[in-house]
$ cat model-v7.cif   # mmCIF, C-alpha atoms
data_start
loop_
_atom_site.label_atom_id
_atom_site.label_comp_id
_atom_site.auth_asym_id
_atom_site.auth_seq_id
_atom_site.Cartn_x
_atom_site.Cartn_y
_atom_site.Cartn_z
CA MET F 1 7.30 22.13 24.44
CA GLU F 2 5.78 20.88 27.72
CA GLN F 3 2.92 19.37 25.74
CA GLU F 4 5.31 17.64 23.33
CA ILE F 5 7.34 16.19 26.20
CA ALA F 6 4.10 14.87 27.73
CA LEU F 7 3.03 13.38 24.39
CA LEU F 8 6.32 11.56 23.82
CA ARG F 9 6.33 10.28 27.38
CA GLU F 10 2.95 8.65 26.81
CA THR F 11 4.32 6.45 24.03
CA GLU F 12 5.42 2.97 25.10
CA LEU F 13 8.82 3.56 23.50
CA PHE F 14 9.76 6.61 25.57
CA ARG F 15 8.05 5.57 28.81
CA ASP F 16 10.08 6.16 32.00
CA LEU F 17 12.35 8.78 30.39
CA SER F 18 13.15 12.00 32.29
CA GLY F 19 12.21 15.43 30.88
CA GLU F 20 15.87 15.99 30.02
CA GLN F 21 16.06 12.66 28.16
CA ILE F 22 12.88 13.45 26.20
CA GLY F 23 14.48 16.81 25.35
CA LYS F 24 17.38 14.95 23.71
CA ILE F 25 14.92 12.88 21.65
CA LEU F 26 13.12 16.06 20.55
CA LYS F 27 16.47 17.47 19.35
CA ILE F 28 16.93 14.63 16.85
CA SER F 29 13.24 14.68 15.80
CA ARG F 30 11.93 16.62 12.83
CA LYS F 31 8.29 17.71 12.47
CA VAL F 32 6.83 16.61 9.14
CA THR F 33 3.37 17.17 7.63
CA PHE F 34 1.66 14.84 5.14
CA PRO F 35 -1.54 15.58 3.20
CA GLU F 36 -4.61 13.30 3.27
CA GLY F 37 -4.23 10.00 1.38
CA GLU F 38 -0.42 9.88 1.45
CA VAL F 39 1.49 6.62 2.01
CA ILE F 40 4.03 7.15 4.83
CA MET F 41 5.53 3.68 4.55
CA ARG F 42 4.73 0.72 2.35
CA GLU F 43 4.64 -2.94 3.41
CA GLY F 44 7.63 -4.84 2.03
CA GLU F 45 9.85 -1.79 1.47
CA GLU F 46 13.02 -1.16 3.48
CA GLY F 47 13.04 1.76 5.86
CA ASP F 48 15.29 3.61 8.30
CA THR F 49 12.79 6.06 9.78
CA MET F 50 10.26 5.95 12.60
CA TYR F 51 7.26 8.24 13.11
CA ILE F 52 5.28 9.43 16.13
CA ILE F 53 1.83 10.74 15.32
CA LEU F 54 1.14 14.29 16.58
CA GLU F 55 -2.07 15.20 14.75
CA GLY F 56 -4.48 13.48 12.39
CA THR F 57 -5.56 9.90 11.66
CA VAL F 58 -3.74 7.13 9.79
CA GLU F 59 -4.78 3.74 8.48
CA VAL F 60 -2.54 0.74 9.09
CA VAL F 61 -2.93 -1.92 6.37
CA LYS F 62 -1.41 -5.38 6.75
CA SER F 63 -1.56 -8.25 4.26
CA LEU F 64 -2.90 -11.55 5.52
CA VAL F 65 -1.94 -13.64 2.51
CA MET F 66 1.05 -13.80 0.20
CA GLY F 67 1.02 -11.84 -3.05
CA ASP F 68 1.50 -8.31 -4.28
CA PRO F 69 0.81 -5.95 -1.34
CA ASP F 70 -0.22 -3.25 -3.84
CA GLU F 71 -2.92 -5.31 -5.45
CA GLU F 72 -5.93 -3.17 -4.62
CA ALA F 73 -8.36 -5.89 -5.74
CA ASN F 74 -7.28 -8.09 -2.86
CA GLU F 75 -8.73 -5.83 -0.16
CA LYS F 76 -10.50 -8.63 1.69
CA ASN F 77 -7.16 -10.27 2.46
CA LYS F 78 -5.91 -7.30 4.47
CA VAL F 79 -6.42 -6.01 8.00
CA PHE F 80 -7.23 -2.33 8.46
CA THR F 81 -6.75 -0.37 11.70
CA ARG F 82 -7.19 3.37 12.26
CA LEU F 83 -5.03 5.26 14.72
CA ASP F 84 -4.76 8.89 15.83
CA ALA F 85 -2.68 10.98 18.25
CA SER F 86 -4.75 9.82 21.25
CA ASP F 87 -3.40 6.28 20.65
CA HIS F 88 0.17 7.56 21.23
CA ALA F 89 1.13 5.54 18.22
CA VAL F 90 4.67 5.01 16.99
CA PHE F 91 5.32 3.52 13.52
CA GLY F 92 8.42 1.86 12.11
CA GLU F 93 10.29 1.64 15.42
CA ILE F 94 11.76 -1.75 14.47
CA ALA F 95 13.77 0.19 11.84
CA LEU F 96 15.82 1.47 14.82
CA LEU F 97 17.05 -2.10 15.35
CA GLU F 98 17.94 -3.32 11.90
CA MET F 99 17.37 -2.64 8.24
CA MET F 100 14.14 -4.51 7.87
CA ARG F 101 11.21 -4.56 5.48
CA ARG F 102 8.12 -2.69 6.70
CA THR F 103 5.50 -5.10 8.00
CA ALA F 104 2.53 -2.83 7.23
CA THR F 105 1.50 0.07 5.01
CA ILE F 106 0.70 3.34 6.80
CA LYS F 107 -1.54 5.79 4.92
CA THR F 108 -2.87 9.15 6.12
CA VAL F 109 -6.68 9.39 6.36
CA THR F 110 -6.58 13.12 7.19
CA LYS F 111 -3.80 15.71 6.97
CA CYS F 112 -1.25 14.51 9.57
CA ARG F 113 1.69 15.85 11.53
CA PHE F 114 4.42 13.50 12.80
CA TYR F 115 7.74 13.54 14.55
CA GLU F 116 10.20 11.78 12.29
CA ILE F 117 13.35 10.13 13.73
CA LYS F 118 16.11 8.66 11.57
CA LYS F 119 17.84 5.46 12.68
CA GLU F 120 21.31 6.98 12.22
CA SER F 121 20.75 10.00 14.50
CA PHE F 122 18.92 7.80 16.99
CA LEU F 123 21.81 5.33 17.28
CA SER F 124 24.36 8.19 17.57
CA LEU F 125 22.33 9.54 20.49
CA THR F 126 22.05 6.19 22.30
CA GLU F 127 25.77 5.46 21.71
CA ALA F 128 26.58 8.81 23.37
CA ASP F 129 24.06 8.42 26.21
CA HIS F 130 23.97 4.82 27.40
CA GLU F 131 21.44 5.41 30.14
CA LEU F 132 19.00 6.78 27.56
CA GLY F 133 19.84 3.89 25.22
CA TYR F 134 19.29 1.39 28.02
CA ARG F 135 15.80 2.73 28.88
CA ILE F 136 14.65 2.95 25.26
CA PHE F 137 15.96 -0.46 24.17
CA LEU F 138 14.47 -2.08 27.26
CA ASN F 139 11.11 -0.52 26.28
CA LEU F 140 11.58 -1.51 22.63
CA ALA F 141 12.50 -5.11 23.53
CA ARG F 142 9.30 -5.27 25.65
CA ILE F 143 7.17 -3.85 22.81
CA VAL F 144 8.57 -6.35 20.30
CA SER F 145 8.23 -9.20 22.81
CA ALA F 146 4.52 -8.40 23.36
CA ARG F 147 4.01 -8.48 19.58
CA LEU F 148 5.87 -11.78 19.35
CA ARG F 149 3.58 -13.31 21.98
CA LYS F 150 0.55 -12.10 20.00
CA ALA F 151 2.02 -13.51 16.75
CA ASP F 152 2.74 -16.87 18.44
CA GLU F 153 -0.86 -17.03 19.66
CA ASP F 154 -2.08 -16.25 16.13
CA THR F 155 0.11 -19.03 14.70
CA ILE F 156 -1.30 -21.56 17.16
CA LYS F 157 -4.89 -20.48 16.37
CA LEU F 158 -4.26 -20.76 12.62
CA THR F 159 -2.53 -24.16 12.90
CA THR F 160 -5.42 -25.37 15.04
CA ALA F 161 -7.95 -24.17 12.43
CA LEU F 162 -5.95 -25.83 9.63
CA SER F 163 -5.69 -29.13 11.49
CA ILE F 164 -9.44 -29.17 12.19
CA ILE F 165 -10.26 -28.44 8.52
CA LEU F 166 -7.80 -31.05 7.23
CA ARG F 167 -9.15 -33.67 9.65
CA GLU F 168 -12.72 -33.04 8.45
CA SER F 169 -11.98 -33.02 4.72
CA MET H 1 37.52 -18.60 32.68
CA GLU H 2 38.86 -17.49 29.27
CA GLN H 3 36.89 -20.28 27.67
CA GLU H 4 33.71 -19.28 29.46
CA ILE H 5 34.12 -15.65 28.41
CA ALA H 6 34.56 -16.82 24.80
CA LEU H 7 31.47 -19.04 25.04
CA LEU H 8 29.24 -16.26 26.40
CA ARG H 9 30.52 -13.83 23.79
CA GLU H 10 29.43 -16.21 21.04
CA THR H 11 25.79 -16.03 22.12
CA GLU H 12 23.68 -13.45 20.29
CA LEU H 13 22.59 -11.99 23.61
CA PHE H 14 26.09 -11.08 24.84
CA ARG H 15 27.60 -10.21 21.47
CA ASP H 16 29.76 -7.04 21.39
CA LEU H 17 30.38 -7.09 25.16
CA SER H 18 33.91 -6.44 26.48
CA GLY H 19 35.77 -9.05 28.57
CA GLU H 20 35.09 -6.93 31.67
CA GLN H 21 31.36 -6.78 30.88
CA ILE H 22 31.21 -10.55 30.34
CA GLY H 23 32.97 -10.90 33.72
CA LYS H 24 30.10 -9.01 35.37
CA ILE H 25 27.60 -11.39 33.73
CA LEU H 26 29.58 -14.39 34.98
CA LYS H 27 29.39 -12.97 38.53
CA ILE H 28 25.58 -13.12 38.53
CA SER H 29 25.51 -16.53 36.80
CA ARG H 30 25.29 -19.83 38.63
CA LYS H 31 26.42 -23.13 37.14
CA VAL H 32 23.71 -25.77 37.35
CA THR H 33 23.69 -29.43 36.29
CA PHE H 34 20.60 -31.39 35.21
CA PRO H 35 20.42 -35.16 34.64
CA GLU H 36 19.20 -36.69 31.37
CA GLY H 37 15.44 -36.43 30.73
CA GLU H 38 14.81 -33.45 33.02
CA VAL H 39 12.40 -30.63 32.11
CA ILE H 40 14.20 -27.27 32.52
CA MET H 41 11.18 -25.18 31.65
CA ARG H 42 7.66 -26.08 30.62
CA GLU H 43 5.58 -24.38 27.93
CA GLY H 44 2.79 -22.27 29.47
CA GLU H 45 4.42 -21.88 32.89
CA GLU H 46 5.71 -18.56 34.19
CA GLY H 47 9.43 -18.14 34.63
CA ASP H 48 12.05 -15.63 35.80
CA THR H 49 15.22 -17.49 34.82
CA MET H 50 17.28 -17.79 31.65
CA TYR H 51 19.81 -20.52 30.78
CA ILE H 52 22.92 -20.70 28.62
CA ILE H 53 23.91 -24.21 27.61
CA LEU H 54 27.51 -25.16 28.50
CA GLU H 55 27.53 -28.92 27.97
CA GLY H 56 25.06 -31.55 26.72
CA THR H 57 22.07 -31.61 24.39
CA VAL H 58 18.51 -30.41 24.96
CA GLU H 59 15.27 -30.83 23.09
CA VAL H 60 13.02 -27.82 22.46
CA VAL H 61 9.35 -28.79 22.14
CA LYS H 62 6.75 -26.30 20.94
CA SER H 63 3.01 -26.90 20.53
CA LEU H 64 1.51 -26.15 17.14
CA VAL H 65 -2.12 -26.46 18.13
CA MET H 66 -4.16 -25.44 21.14
CA GLY H 67 -4.73 -27.89 23.97
CA ASP H 68 -2.91 -29.31 26.95
CA PRO H 69 0.85 -28.95 26.33
CA ASP H 70 1.45 -31.96 28.57
CA GLU H 71 -0.73 -34.28 26.56
CA GLU H 72 1.88 -36.82 25.42
CA ALA H 73 -0.53 -38.43 22.94
CA ASN H 74 -0.53 -35.32 20.81
CA GLU H 75 3.11 -35.63 19.73
CA LYS H 76 2.43 -35.03 16.04
CA ASN H 77 1.17 -31.53 16.80
CA LYS H 78 4.52 -30.39 18.20
CA VAL H 79 7.80 -29.21 16.75
CA PHE H 80 11.01 -30.73 18.10
CA THR H 81 14.47 -29.19 17.80
CA ARG H 82 17.73 -30.41 19.36
CA LEU H 83 20.40 -27.98 20.49
CA ASP H 84 23.81 -28.32 22.13
CA ALA H 85 26.61 -26.04 23.34
CA SER H 86 27.95 -25.57 19.79
CA ASP H 87 24.70 -23.74 18.95
CA HIS H 88 25.49 -21.11 21.63
CA ALA H 89 21.91 -21.43 22.68
CA VAL H 90 20.20 -19.27 25.27
CA PHE H 91 16.78 -20.25 26.68
CA GLY H 92 14.17 -18.15 28.44
CA GLU H 93 15.82 -14.78 27.74
CA ILE H 94 12.42 -13.12 27.26
CA ALA H 95 11.93 -13.70 31.02
CA LEU H 96 14.47 -10.87 31.46
CA LEU H 97 11.92 -8.48 29.94
CA GLU H 98 8.67 -9.37 31.64
CA MET H 99 6.94 -12.07 33.59
CA MET H 100 5.79 -14.14 30.68
CA ARG H 101 4.67 -17.69 30.06
CA ARG H 102 7.32 -19.96 28.52
CA THR H 103 6.72 -20.44 24.80
CA ALA H 104 8.39 -23.87 24.62
CA THR H 105 9.33 -26.83 26.80
CA ILE H 106 13.08 -27.49 27.21
CA LYS H 107 14.07 -31.03 28.19
CA THR H 108 17.59 -32.44 28.60
CA VAL H 109 18.49 -35.30 26.20
CA THR H 110 21.83 -35.95 27.95
CA LYS H 111 23.23 -34.77 31.28
CA CYS H 112 23.59 -31.00 30.85
CA ARG H 113 25.40 -28.08 32.43
CA PHE H 114 24.03 -24.55 32.15
CA TYR H 115 24.67 -21.05 33.33
CA GLU H 116 21.53 -19.90 35.09
CA ILE H 117 20.73 -16.17 35.38
CA LYS H 118 17.83 -14.80 37.43
CA LYS H 119 15.85 -11.82 36.13
CA GLU H 120 16.21 -9.93 39.42
CA SER H 121 20.02 -10.04 39.58
CA PHE H 122 20.20 -9.33 35.86
CA LEU H 123 18.08 -6.17 36.14
CA SER H 124 20.05 -5.00 39.22
CA LEU H 125 23.23 -5.33 37.14
CA THR H 126 21.87 -3.44 34.12
CA GLU H 127 20.40 -0.72 36.37
CA ALA H 128 23.87 -0.24 37.90
CA ASP H 129 25.74 -0.41 34.57
CA HIS H 130 23.76 1.34 31.85
CA GLU H 131 26.33 0.77 29.13
CA LEU H 132 26.09 -2.98 29.73
CA GLY H 133 22.29 -2.75 29.86
CA TYR H 134 22.26 -0.77 26.62
CA ARG H 135 24.34 -3.36 24.71
CA ILE H 136 22.37 -6.35 26.03
CA PHE H 137 18.90 -4.88 25.51
CA LEU H 138 19.85 -3.74 22.00
CA ASN H 139 20.92 -7.35 21.28
CA LEU H 140 17.79 -8.73 22.95
CA ALA H 141 15.50 -6.37 21.02
CA ARG H 142 17.18 -7.56 17.78
CA ILE H 143 16.78 -11.24 18.75
CA VAL H 144 13.09 -10.79 19.54
CA SER H 145 12.57 -8.71 16.39
CA ALA H 146 14.07 -11.48 14.19
CA ARG H 147 11.71 -13.98 15.83
CA LEU H 148 8.78 -11.63 15.27
CA ARG H 149 9.64 -11.37 11.55
CA LYS H 150 9.75 -15.18 11.36
CA ALA H 151 6.40 -15.45 13.20
CA ASP H 152 4.82 -12.87 10.87
CA GLU H 153 6.00 -14.86 7.85
CA ASP H 154 4.54 -18.04 9.37
CA THR H 155 1.20 -16.29 9.94
CA ILE H 156 1.05 -15.15 6.30
CA LYS H 157 1.91 -18.67 5.06
CA LEU H 158 -0.75 -20.22 7.29
CA THR H 159 -3.42 -17.68 6.30
CA THR H 160 -2.55 -18.27 2.65
CA ALA H 161 -2.88 -22.05 3.10
CA LEU H 162 -6.21 -21.60 4.91
CA SER H 163 -7.60 -19.29 2.23
CA ILE H 164 -6.61 -21.75 -0.55
CA ILE H 165 -8.23 -24.67 1.28
CA LEU H 166 -11.41 -22.72 2.04
CA ARG H 167 -11.67 -21.55 -1.57
CA GLU H 168 -11.37 -25.13 -2.85
CA SER H 169 -13.79 -26.70 -0.38
#

$ encode --input "model-v7.cif" --output "structure tokens"
Amino acid sequence: MEQEIALLRETELFRDLSGEQIGKILKISRKVTFPEGEVIMREGEEGDTMYIILEGTVEVVKSLVMGDPDEEANEKNKVFTRLDASDHAVFGEIALLEMMRRTATIKTVTKCRFYEIKKESFLSLTEADHELGYRIFLNLARIVSARLRKADEDTIKLTTALSIILRES
Amino acid sequence: MEQEIALLRETELFRDLSGEQIGKILKISRKVTFPEGEVIMREGEEGDTMYIILEGTVEVVKSLVMGDPDEEANEKNKVFTRLDASDHAVFGEIALLEMMRRTATIKTVTKCRFYEIKKESFLSLTEADHELGYRIFLNLARIVSARLRKADEDTIKLTTALSIILRES
């Protein structure tokens, strides 16, 4: 239990929470195990669940160009990242905010254990405990904001590349 | 006062707040007036203030390519959007989350009145009233998440365009 509290506290999402607050999160979390090679979530599909990795390694796959995300032949147009428990990785946390399509596919590389949290039980908890909701949504807003800054930088780099190519052609 | 409460409640950021909660926001807000042609915030600069437009029209200018954001000659590489009070527009709200560089320049097109809110007084308020903080940061996380989705879509479109051009050249 102590170890699990420490693990959750090291995620960006649950940073700054007290032991008691983490305990409340653990109460609405369910431990799930997936075998090697299993798809936990698929890019483009809707989802209402987030996962925190406890054991094992996953691969995060994100399309770079439009088209069928399942098209295996198009592997060169995807970005691959591997993550394990030491990365304190959380997946699908934007599902806590709104019903939204998954922005990446997550696939297990080894047998994996996760904490699974459903949007509905999460929002019931934060509605009942506003201090907890305040801390978590402040963290979540900061996480999403950092990703937005990164995405804005990527857009500017890509537009710059496009404008250079179009000028030269 | 009633009118101001109604105006704030129509912004995405303060949606779902009670009249009493909006009253607390008004207490930490300061009304400021800017003449026509004034720069309220400049892309690339750090800021700790957000603005809610009350009267007048502003122009939002965002660079599309890398380079000096001040370089007036490069006007074709920017996106321009005009907003007024009927858009219930809020500017610089990401400054409430972290010290971050402004992602656009905001310039008044007419004389404008705004509510100005400083990050420090905002965070003191939400630390003292967690329910209020919970509602606002949930809204803010949703706002930033919608922008992130838009930015991700833009990235995929741009990468697709680049890959088509590179294939053909």

$ residues_around --input "model-v7.cif" --residues "Met1 (chain F)" --least-positions-apart "4" --cutoff "12 Å" --atoms "all atoms listed in the file" --output "ChimeraX atom specification"
/F:5-8,19-20,22-23,26-27

$ atom_distance --input "model-v7.cif" --atom1 "CA of Lys119 (chain F)" --atom2 "CA of Asp154 (chain H)"
27.2 Å

$ calpha_fit_and_write --input "model-v7.cif" --fixed "chain H" --moving "chain F" --output "mmCIF file with C-alpha atoms, in the frame of the given file"
data_model
loop_
_atom_site.group_PDB
_atom_site.id
_atom_site.type_symbol
_atom_site.label_atom_id
_atom_site.label_comp_id
_atom_site.auth_asym_id
_atom_site.auth_seq_id
_atom_site.Cartn_x
_atom_site.Cartn_y
_atom_site.Cartn_z
ATOM 1 C CA MET F 1 37.517 -18.563 32.705
ATOM 2 C CA GLU F 2 38.879 -17.469 29.302
ATOM 3 C CA GLN F 3 36.907 -20.276 27.686
ATOM 4 C CA GLU F 4 33.708 -19.260 29.487
ATOM 5 C CA ILE F 5 34.125 -15.632 28.428
ATOM 6 C CA ALA F 6 34.582 -16.810 24.825
ATOM 7 C CA LEU F 7 31.493 -19.028 25.070
ATOM 8 C CA LEU F 8 29.258 -16.261 26.415
ATOM 9 C CA ARG F 9 30.546 -13.836 23.813
ATOM 10 C CA GLU F 10 29.456 -16.205 21.055
ATOM 11 C CA THR F 11 25.818 -16.023 22.141
ATOM 12 C CA GLU F 12 23.694 -13.464 20.294
ATOM 13 C CA LEU F 13 22.616 -11.969 23.621
ATOM 14 C CA PHE F 14 26.101 -11.067 24.851
ATOM 15 C CA ARG F 15 27.626 -10.207 21.469
ATOM 16 C CA ASP F 16 29.793 -7.054 21.399
ATOM 17 C CA LEU F 17 30.416 -7.076 25.170
ATOM 18 C CA SER F 18 33.943 -6.431 26.499
ATOM 19 C CA GLY F 19 35.789 -9.044 28.597
ATOM 20 C CA GLU F 20 35.119 -6.923 31.680
ATOM 21 C CA GLN F 21 31.385 -6.757 30.893
ATOM 22 C CA ILE F 22 31.217 -10.535 30.370
ATOM 23 C CA GLY F 23 32.984 -10.877 33.737
ATOM 24 C CA LYS F 24 30.098 -8.997 35.378
ATOM 25 C CA ILE F 25 27.591 -11.365 33.739
ATOM 26 C CA LEU F 26 29.573 -14.376 34.990
ATOM 27 C CA LYS F 27 29.378 -12.957 38.539
ATOM 28 C CA ILE F 28 25.569 -13.103 38.539
ATOM 29 C CA SER F 29 25.494 -16.519 36.793
ATOM 30 C CA ARG F 30 25.276 -19.813 38.637
ATOM 31 C CA LYS F 31 26.420 -23.136 37.148
ATOM 32 C CA VAL F 32 23.692 -25.771 37.362
ATOM 33 C CA THR F 33 23.677 -29.435 36.294
ATOM 34 C CA PHE F 34 20.587 -31.390 35.208
ATOM 35 C CA PRO F 35 20.397 -35.157 34.634
ATOM 36 C CA GLU F 36 19.173 -36.721 31.365
ATOM 37 C CA GLY F 37 15.415 -36.436 30.731
ATOM 38 C CA GLU F 38 14.797 -33.459 33.031
ATOM 39 C CA VAL F 39 12.395 -30.643 32.090
ATOM 40 C CA ILE F 40 14.205 -27.291 32.504
ATOM 41 C CA MET F 41 11.172 -25.192 31.629
ATOM 42 C CA ARG F 42 7.652 -26.089 30.607
ATOM 43 C CA GLU F 43 5.564 -24.384 27.912
ATOM 44 C CA GLY F 44 2.799 -22.276 29.451
ATOM 45 C CA GLU F 45 4.423 -21.883 32.879
ATOM 46 C CA GLU F 46 5.700 -18.540 34.175
ATOM 47 C CA GLY F 47 9.421 -18.122 34.587
ATOM 48 C CA ASP F 48 12.035 -15.629 35.768
ATOM 49 C CA THR F 49 15.206 -17.484 34.798
ATOM 50 C CA MET F 50 17.293 -17.785 31.648
ATOM 51 C CA TYR F 51 19.803 -20.516 30.785
ATOM 52 C CA ILE F 52 22.919 -20.703 28.614
ATOM 53 C CA ILE F 53 23.915 -24.206 27.608
ATOM 54 C CA LEU F 54 27.509 -25.161 28.521
ATOM 55 C CA GLU F 55 27.519 -28.928 27.979
ATOM 56 C CA GLY F 56 25.079 -31.539 26.729
ATOM 57 C CA THR F 57 22.064 -31.622 24.401
ATOM 58 C CA VAL F 58 18.504 -30.401 24.966
ATOM 59 C CA GLU F 59 15.259 -30.841 23.078
ATOM 60 C CA VAL F 60 13.036 -27.829 22.466
ATOM 61 C CA VAL F 61 9.352 -28.804 22.148
ATOM 62 C CA LYS F 62 6.742 -26.321 20.943
ATOM 63 C CA SER F 63 3.009 -26.917 20.535
ATOM 64 C CA LEU F 64 1.508 -26.166 17.151
ATOM 65 C CA VAL F 65 -2.130 -26.460 18.161
ATOM 66 C CA MET F 66 -4.167 -25.435 21.179
ATOM 67 C CA GLY F 67 -4.739 -27.920 23.990
ATOM 68 C CA ASP F 68 -2.916 -29.382 26.947
ATOM 69 C CA PRO F 69 0.842 -29.009 26.297
ATOM 70 C CA ASP F 70 1.456 -32.069 28.501
ATOM 71 C CA GLU F 71 -0.722 -34.369 26.478
ATOM 72 C CA GLU F 72 1.879 -36.880 25.354
ATOM 73 C CA ALA F 73 -0.529 -38.486 22.868
ATOM 74 C CA ASN F 74 -0.531 -35.334 20.779
ATOM 75 C CA GLU F 75 3.114 -35.642 19.719
ATOM 76 C CA LYS F 76 2.431 -35.046 16.035
ATOM 77 C CA ASN F 77 1.176 -31.543 16.805
ATOM 78 C CA LYS F 78 4.515 -30.414 18.218
ATOM 79 C CA VAL F 79 7.810 -29.227 16.762
ATOM 80 C CA PHE F 80 11.013 -30.766 18.096
ATOM 81 C CA THR F 81 14.483 -29.205 17.799
ATOM 82 C CA ARG F 82 17.740 -30.426 19.348
ATOM 83 C CA LEU F 83 20.410 -28.003 20.484
ATOM 84 C CA ASP F 84 23.825 -28.338 22.128
ATOM 85 C CA ALA F 85 26.634 -26.063 23.348
ATOM 86 C CA SER F 86 27.969 -25.574 19.798
ATOM 87 C CA ASP F 87 24.702 -23.748 18.958
ATOM 88 C CA HIS F 88 25.505 -21.116 21.631
ATOM 89 C CA ALA F 89 21.919 -21.433 22.682
ATOM 90 C CA VAL F 90 20.206 -19.262 25.266
ATOM 91 C CA PHE F 91 16.776 -20.244 26.664
ATOM 92 C CA GLY F 92 14.158 -18.147 28.424
ATOM 93 C CA GLU F 93 15.811 -14.787 27.730
ATOM 94 C CA ILE F 94 12.418 -13.115 27.236
ATOM 95 C CA ALA F 95 11.917 -13.691 30.996
ATOM 96 C CA LEU F 96 14.472 -10.863 31.442
ATOM 97 C CA LEU F 97 11.917 -8.481 29.912
ATOM 98 C CA GLU F 98 8.669 -9.356 31.604
ATOM 99 C CA MET F 99 6.947 -12.072 33.565
ATOM 100 C CA MET F 100 5.779 -14.137 30.661
ATOM 101 C CA ARG F 101 4.664 -17.698 30.046
ATOM 102 C CA ARG F 102 7.320 -19.962 28.512
ATOM 103 C CA THR F 103 6.711 -20.449 24.803
ATOM 104 C CA ALA F 104 8.389 -23.872 24.624
ATOM 105 C CA THR F 105 9.332 -26.839 26.793
ATOM 106 C CA ILE F 106 13.067 -27.490 27.198
ATOM 107 C CA LYS F 107 14.067 -31.041 28.168
ATOM 108 C CA THR F 108 17.576 -32.457 28.601
ATOM 109 C CA VAL F 109 18.482 -35.298 26.206
ATOM 110 C CA THR F 110 21.821 -35.952 27.947
ATOM 111 C CA LYS F 111 23.227 -34.793 31.288
ATOM 112 C CA CYS F 112 23.585 -31.002 30.843
ATOM 113 C CA ARG F 113 25.404 -28.090 32.423
ATOM 114 C CA PHE F 114 24.019 -24.542 32.141
ATOM 115 C CA TYR F 115 24.662 -21.042 33.335
ATOM 116 C CA GLU F 116 21.524 -19.879 35.083
ATOM 117 C CA ILE F 117 20.715 -16.140 35.374
ATOM 118 C CA LYS F 118 17.815 -14.785 37.423
ATOM 119 C CA LYS F 119 15.835 -11.814 36.112
ATOM 120 C CA GLU F 120 16.174 -9.922 39.409
ATOM 121 C CA SER F 121 19.995 -10.033 39.564
ATOM 122 C CA PHE F 122 20.182 -9.315 35.844
ATOM 123 C CA LEU F 123 18.060 -6.159 36.113
ATOM 124 C CA SER F 124 20.029 -4.974 39.193
ATOM 125 C CA LEU F 125 23.211 -5.307 37.134
ATOM 126 C CA THR F 126 21.862 -3.423 34.099
ATOM 127 C CA GLU F 127 20.376 -0.690 36.345
ATOM 128 C CA ALA F 128 23.848 -0.215 37.880
ATOM 129 C CA ASP F 129 25.733 -0.406 34.567
ATOM 130 C CA HIS F 130 23.773 1.353 31.838
ATOM 131 C CA GLU F 131 26.339 0.783 29.128
ATOM 132 C CA LEU F 132 26.106 -2.969 29.729
ATOM 133 C CA GLY F 133 22.304 -2.720 29.856
ATOM 134 C CA TYR F 134 22.269 -0.756 26.609
ATOM 135 C CA ARG F 135 24.354 -3.358 24.712
ATOM 136 C CA ILE F 136 22.396 -6.344 26.025
ATOM 137 C CA PHE F 137 18.923 -4.866 25.492
ATOM 138 C CA LEU F 138 19.880 -3.737 21.999
ATOM 139 C CA ASN F 139 20.944 -7.348 21.281
ATOM 140 C CA LEU F 140 17.806 -8.729 22.946
ATOM 141 C CA ALA F 141 15.511 -6.365 21.007
ATOM 142 C CA ARG F 142 17.215 -7.554 17.776
ATOM 143 C CA ILE F 143 16.809 -11.232 18.739
ATOM 144 C CA VAL F 144 13.110 -10.778 19.530
ATOM 145 C CA SER F 145 12.594 -8.706 16.371
ATOM 146 C CA ALA F 146 14.107 -11.476 14.193
ATOM 147 C CA ARG F 147 11.723 -13.969 15.823
ATOM 148 C CA LEU F 148 8.797 -11.623 15.246
ATOM 149 C CA ARG F 149 9.650 -11.391 11.542
ATOM 150 C CA LYS F 150 9.765 -15.202 11.362
ATOM 151 C CA ALA F 151 6.413 -15.462 13.208
ATOM 152 C CA ASP F 152 4.830 -12.882 10.862
ATOM 153 C CA GLU F 153 6.024 -14.882 7.854
ATOM 154 C CA ASP F 154 4.557 -18.051 9.392
ATOM 155 C CA THR F 155 1.214 -16.297 9.953
ATOM 156 C CA ILE F 156 1.069 -15.170 6.326
ATOM 157 C CA LYS F 157 1.925 -18.694 5.091
ATOM 158 C CA LEU F 158 -0.762 -20.239 7.312
ATOM 159 C CA THR F 159 -3.421 -17.672 6.326
ATOM 160 C CA THR F 160 -2.546 -18.276 2.684
ATOM 161 C CA ALA F 161 -2.914 -22.058 3.148
ATOM 162 C CA LEU F 162 -6.250 -21.581 4.948
ATOM 163 C CA SER F 163 -7.609 -19.274 2.256
ATOM 164 C CA ILE F 164 -6.633 -21.720 -0.504
ATOM 165 C CA ILE F 165 -8.286 -24.647 1.333
ATOM 166 C CA LEU F 166 -11.452 -22.664 2.086
ATOM 167 C CA ARG F 167 -11.699 -21.485 -1.533
ATOM 168 C CA GLU F 168 -11.448 -25.081 -2.794
ATOM 169 C CA SER F 169 -13.911 -26.626 -0.344
#

$ residues_around --input "model-v7.cif" --residues "region 109-117 of chain F" --least-positions-apart "2" --cutoff "7 Å" --atoms "all atoms listed in the file" --output "list in words"
Ile28, Ser29, Arg30, Lys31, Val32, Thr33, Phe34, Pro35, Glu36, Gly37, Thr49, Met50, Tyr51, Ile52, Ile53, Leu54, Glu55, Gly56, Thr57, Val58, Glu59, Lys107, Lys119 and Phe122 of chain F

$ residues_around --input "model-v7.cif" --residues "Ala95 (chain F)" --least-positions-apart "3" --cutoff "12 Å" --atoms "only C-alpha atoms" --output "PyMOL selection string"
(chain F and resi 41+45-51+90-92+98-103+117-120+122-123+140+144) or (chain H and resi 141-142+145-146)

$ closest_residue --input "model-v7.cif" --among "F:Ile106, F:Ile143, F:Leu96, F:Val65" --to "chain H" --atoms "only C-alpha atoms"
F:Val65
